[in-house]
Every structure is written in structure tokens, then in C-alpha cells.
Amino acid sequence: MAAPPEPVDGDPGGVTHEECGFPVQAELSGKIKLLFLRDGLKILFPSQKATLTNPDTGESVTYVIAGAFTDAGGILRFSGHNLVLGQGIGILYTTGNQTFVDVDGTTTLTESHGKVVDVCEVLAP
């Protein structure tokens, strides 16, 4: 029987990301479960929350992340509610089923069945 999801170890004060071209501070809470598959990695987020803040403006948004992520050799699949960060896409909040590819460190959305919110645009100065 698989072990239950583990609590997320949050960094005090959060983590700062630069994918938007300006700093975005992220604070996470909730649980996460890692599954190592034969052909890749699967991560489950049963009920995680992420608060993203632009420290320059004080603008902040909170998203519930209740989804799954699978990485199979650079093909990244997200289902449910997720945050996706990467060079080339910034920070996205996605719902539904989304497929991305990662080539040489640049992430590109290749297939979308659901909603995609550009968090960088939401938090822009």
C-alpha cells in the first residue's frame, strides 16, 4: 500500500521566482506525493495552496493546486489545478489537461484542454 501524501516543507518567507521578468514570491502549504514510475515521475498535489506576491507592488493571488503532474522524458502533462513555471512561459495557473514540452530548458505549451491564466499578467506592475 502506498504511503499517504507528505506535508510540504515551506521555506520561511517563501521562494522568489524570476520567470515573469520581475520577482514573484511564492509560499506553499499543503501536501505532495511523489511517485517514481518506470517511464518518469508523477507528482500529486491533493490540496496544496500557493500564494504568489509581487513584492514591488504588494499585489497577491492565492490558488488551490489540486492536480497531478507527470514528466515522461521532457513531455510534461498536468491535470486538475496546477501552477506551471518555466522559461518561455513565465508562471501559469492551469485547469483541465495541459501538455507542455521542455526542450533545452525552454517550456512550451503544446496542447490545452481547459483554462490557462497568465499569472505574470495578473501580478504585473
# chains A, B, ... in the order shown; residues from 1 in each chain; ligands from 1

$ select_by_dssp --residues "range 15-64 of chain A" --states "strand (DSSP E)" --output "VMD selection string"
chain A and resid 15 to 17 24 to 29 31 to 37 40 to 53 60 to 64

$ residues_around --residues "Gly96 in chain A" --least-positions-apart "2" --cutoff "10 Å" --atoms "only C-alpha atoms" --output "ChimeraX atom specification"
/A:67,78-82,94,98,112-116

$ write_last_selection --atoms "all heavy atoms" --output "mmCIF file, in the first residue's frame"
data_model
loop_
_atom_site.group_PDB
_atom_site.id
_atom_site.type_symbol
_atom_site.label_atom_id
_atom_site.label_comp_id
_atom_site.auth_asym_id
_atom_site.auth_seq_id
_atom_site.Cartn_x
_atom_site.Cartn_y
_atom_site.Cartn_z
ATOM 1 N N GLY A 67 -4.056 18.839 -8.229
ATOM 2 C CA GLY A 67 -3.893 18.177 -9.510
ATOM 3 C C GLY A 67 -2.752 17.197 -9.502
ATOM 4 O O GLY A 67 -2.268 16.789 -8.445
ATOM 5 N N PHE A 78 -0.070 17.955 -17.171
ATOM 6 C CA PHE A 78 -0.709 18.457 -15.965
ATOM 7 C C PHE A 78 -2.206 18.190 -16.065
ATOM 8 O O PHE A 78 -2.803 18.416 -17.116
ATOM 9 C CB PHE A 78 -0.480 19.967 -15.814
ATOM 10 C CG PHE A 78 0.948 20.341 -15.595
ATOM 11 C CD1 PHE A 78 1.811 20.502 -16.666
ATOM 12 C CD2 PHE A 78 1.435 20.543 -14.314
ATOM 13 C CE1 PHE A 78 3.137 20.847 -16.467
ATOM 14 C CE2 PHE A 78 2.757 20.890 -14.112
ATOM 15 C CZ PHE A 78 3.616 21.043 -15.190
ATOM 16 N N SER A 79 -2.813 17.725 -14.987
ATOM 17 C CA SER A 79 -4.258 17.558 -14.950
ATOM 18 C C SER A 79 -4.768 18.133 -13.636
ATOM 19 O O SER A 79 -4.055 18.150 -12.638
ATOM 20 C CB SER A 79 -4.657 16.086 -15.090
ATOM 21 O OG SER A 79 -4.128 15.335 -14.023
ATOM 22 N N GLY A 80 -5.999 18.618 -13.655
ATOM 23 C CA GLY A 80 -6.552 19.257 -12.466
ATOM 24 C C GLY A 80 -6.148 20.716 -12.415
ATOM 25 O O GLY A 80 -6.094 21.399 -13.434
ATOM 26 N N HIS A 81 -5.827 21.206 -11.225
ATOM 27 C CA HIS A 81 -5.443 22.596 -10.991
ATOM 28 C C HIS A 81 -3.956 22.627 -10.645
ATOM 29 O O HIS A 81 -3.545 21.999 -9.672
ATOM 30 C CB HIS A 81 -6.246 23.185 -9.831
ATOM 31 C CG HIS A 81 -7.725 23.158 -10.076
ATOM 32 N ND1 HIS A 81 -8.420 24.271 -10.451
ATOM 33 C CD2 HIS A 81 -8.629 22.151 -10.020
ATOM 34 C CE1 HIS A 81 -9.696 23.957 -10.611
ATOM 35 N NE2 HIS A 81 -9.847 22.666 -10.347
ATOM 36 N N ASN A 82 -3.163 23.366 -11.433
ATOM 37 C CA ASN A 82 -1.710 23.363 -11.252
ATOM 38 C C ASN A 82 -1.103 24.725 -11.493
ATOM 39 O O ASN A 82 -1.667 25.555 -12.209
ATOM 40 C CB ASN A 82 -1.062 22.383 -12.244
ATOM 41 C CG ASN A 82 -1.386 20.950 -11.934
ATOM 42 O OD1 ASN A 82 -0.794 20.367 -11.052
ATOM 43 N ND2 ASN A 82 -2.347 20.376 -12.647
ATOM 44 N N THR A 94 -3.136 26.615 -14.363
ATOM 45 C CA THR A 94 -3.886 25.852 -15.355
ATOM 46 C C THR A 94 -4.943 24.986 -14.686
ATOM 47 O O THR A 94 -4.773 24.540 -13.550
ATOM 48 C CB THR A 94 -2.957 24.943 -16.184
ATOM 49 O OG1 THR A 94 -2.384 23.942 -15.340
ATOM 50 C CG2 THR A 94 -1.851 25.739 -16.853
ATOM 51 N N GLN A 98 -3.347 19.795 -19.605
ATOM 52 C CA GLN A 98 -2.392 20.601 -20.356
ATOM 53 C C GLN A 98 -1.149 19.764 -20.633
ATOM 54 O O GLN A 98 -0.704 19.017 -19.768
ATOM 55 C CB GLN A 98 -1.971 21.852 -19.564
ATOM 56 C CG GLN A 98 -3.100 22.624 -18.920
ATOM 57 C CD GLN A 98 -4.059 23.241 -19.900
ATOM 58 O OE1 GLN A 98 -3.690 23.562 -21.020
ATOM 59 N NE2 GLN A 98 -5.301 23.397 -19.497
ATOM 60 N N SER A 112 -3.853 22.098 -25.026
ATOM 61 C CA SER A 112 -4.597 22.641 -23.902
ATOM 62 C C SER A 112 -6.060 22.248 -23.991
ATOM 63 O O SER A 112 -6.719 22.487 -25.001
ATOM 64 C CB SER A 112 -4.468 24.165 -23.880
ATOM 65 O OG SER A 112 -5.242 24.716 -22.841
ATOM 66 N N HIS A 113 -6.555 21.636 -22.910
ATOM 67 C CA HIS A 113 -7.972 21.310 -22.766
ATOM 68 C C HIS A 113 -8.388 21.810 -21.391
ATOM 69 O O HIS A 113 -8.358 21.065 -20.420
ATOM 70 C CB HIS A 113 -8.218 19.803 -22.888
ATOM 71 C CG HIS A 113 -7.788 19.244 -24.205
ATOM 72 N ND1 HIS A 113 -8.541 19.377 -25.337
ATOM 73 C CD2 HIS A 113 -6.653 18.594 -24.565
ATOM 74 C CE1 HIS A 113 -7.901 18.811 -26.350
ATOM 75 N NE2 HIS A 113 -6.749 18.331 -25.894
ATOM 76 N N GLY A 114 -8.715 23.076 -21.309
ATOM 77 C CA GLY A 114 -9.068 23.693 -20.037
ATOM 78 C C GLY A 114 -8.723 25.164 -20.073
ATOM 79 O O GLY A 114 -8.704 25.793 -21.127
ATOM 80 N N LYS A 115 -8.421 25.708 -18.929
ATOM 81 C CA LYS A 115 -8.160 27.136 -18.775
ATOM 82 C C LYS A 115 -6.701 27.369 -18.413
ATOM 83 O O LYS A 115 -6.114 26.618 -17.633
ATOM 84 C CB LYS A 115 -9.070 27.686 -17.677
ATOM 85 C CG LYS A 115 -9.003 29.168 -17.486
ATOM 86 C CD LYS A 115 -10.023 29.601 -16.435
ATOM 87 C CE LYS A 115 -9.951 31.092 -16.217
ATOM 88 N NZ LYS A 115 -10.894 31.523 -15.178
ATOM 89 N N VAL A 116 -6.122 28.438 -18.984
ATOM 90 C CA VAL A 116 -4.749 28.836 -18.678
ATOM 91 C C VAL A 116 -4.753 30.314 -18.313
ATOM 92 O O VAL A 116 -5.206 31.145 -19.103
ATOM 93 C CB VAL A 116 -3.806 28.593 -19.879
ATOM 94 C CG1 VAL A 116 -2.399 29.069 -19.557
ATOM 95 C CG2 VAL A 116 -3.801 27.119 -20.277
#

$ closest_residue --among "A:Gly30, A:Val119, A:Leu41, A:Phe22" --to "Leu85 in chain A" --atoms "only C-alpha atoms"
A:Val119

$ closest_residue --among "A:Gln87, A:Cys20, A:Leu76, A:Gly40" --to "Phe100 in chain A" --atoms "only C-alpha atoms"
A:Leu76

$ atom_distance --atom1 "CA of Asp104 in chain A" --atom2 "CA of Val15 in chain A"
23.7 Å

$ atom_distance --atom1 "CA of Glu19 in chain A" --atom2 "CA of Leu37 in chain A"
28.5 Å

$ residues_around --residues "Leu92 in chain A" --least-positions-apart "2" --cutoff "6 Å" --atoms "only C-alpha atoms" --output "list in words"
Leu83, Val84, Val117, Asp118 and Val119 of chain A

$ write_last_selection --atoms "all heavy atoms" --output "tab-separated table (two decimals), in the first residue's frame"
chain	number	residue	atom	x	y	z
A	83	LEU	N	0.09	24.93	-10.94
A	83	LEU	CA	0.94	26.06	-11.30
A	83	LEU	C	2.07	25.50	-12.14
A	83	LEU	O	2.69	24.50	-11.77
A	83	LEU	CB	1.54	26.74	-10.06
A	83	LEU	CG	0.68	27.77	-9.37
A	83	LEU	CD1	1.39	28.30	-8.13
A	83	LEU	CD2	0.31	28.91	-10.28
A	84	VAL	N	2.34	26.16	-13.27
A	84	VAL	CA	3.40	25.72	-14.17
A	84	VAL	C	4.35	26.88	-14.33
A	84	VAL	O	3.95	27.98	-14.69
A	84	VAL	CB	2.83	25.30	-15.55
A	84	VAL	CG1	3.93	24.76	-16.44
A	84	VAL	CG2	1.70	24.28	-15.39
A	117	VAL	N	-4.28	30.64	-17.10
A	117	VAL	CA	-4.20	32.03	-16.63
A	117	VAL	C	-2.73	32.42	-16.55
A	117	VAL	O	-1.93	31.72	-15.92
A	117	VAL	CB	-4.87	32.18	-15.24
A	117	VAL	CG1	-4.68	33.60	-14.71
A	117	VAL	CG2	-6.33	31.80	-15.31
A	118	ASP	N	-2.37	33.54	-17.18
A	118	ASP	CA	-1.01	34.06	-17.12
A	118	ASP	C	-0.85	34.83	-15.81
A	118	ASP	O	-1.30	35.98	-15.69
A	118	ASP	CB	-0.75	34.96	-18.33
A	118	ASP	CG	0.68	35.46	-18.39
A	118	ASP	OD1	1.40	35.40	-17.36
A	118	ASP	OD2	1.08	35.93	-19.46
A	119	VAL	N	-0.23	34.20	-14.82
A	119	VAL	CA	-0.07	34.82	-13.50
A	119	VAL	C	0.85	36.04	-13.58
A	119	VAL	O	0.65	37.02	-12.84
A	119	VAL	CB	0.47	33.78	-12.48
A	119	VAL	CG1	0.68	34.42	-11.12
A	119	VAL	CG2	-0.50	32.60	-12.37
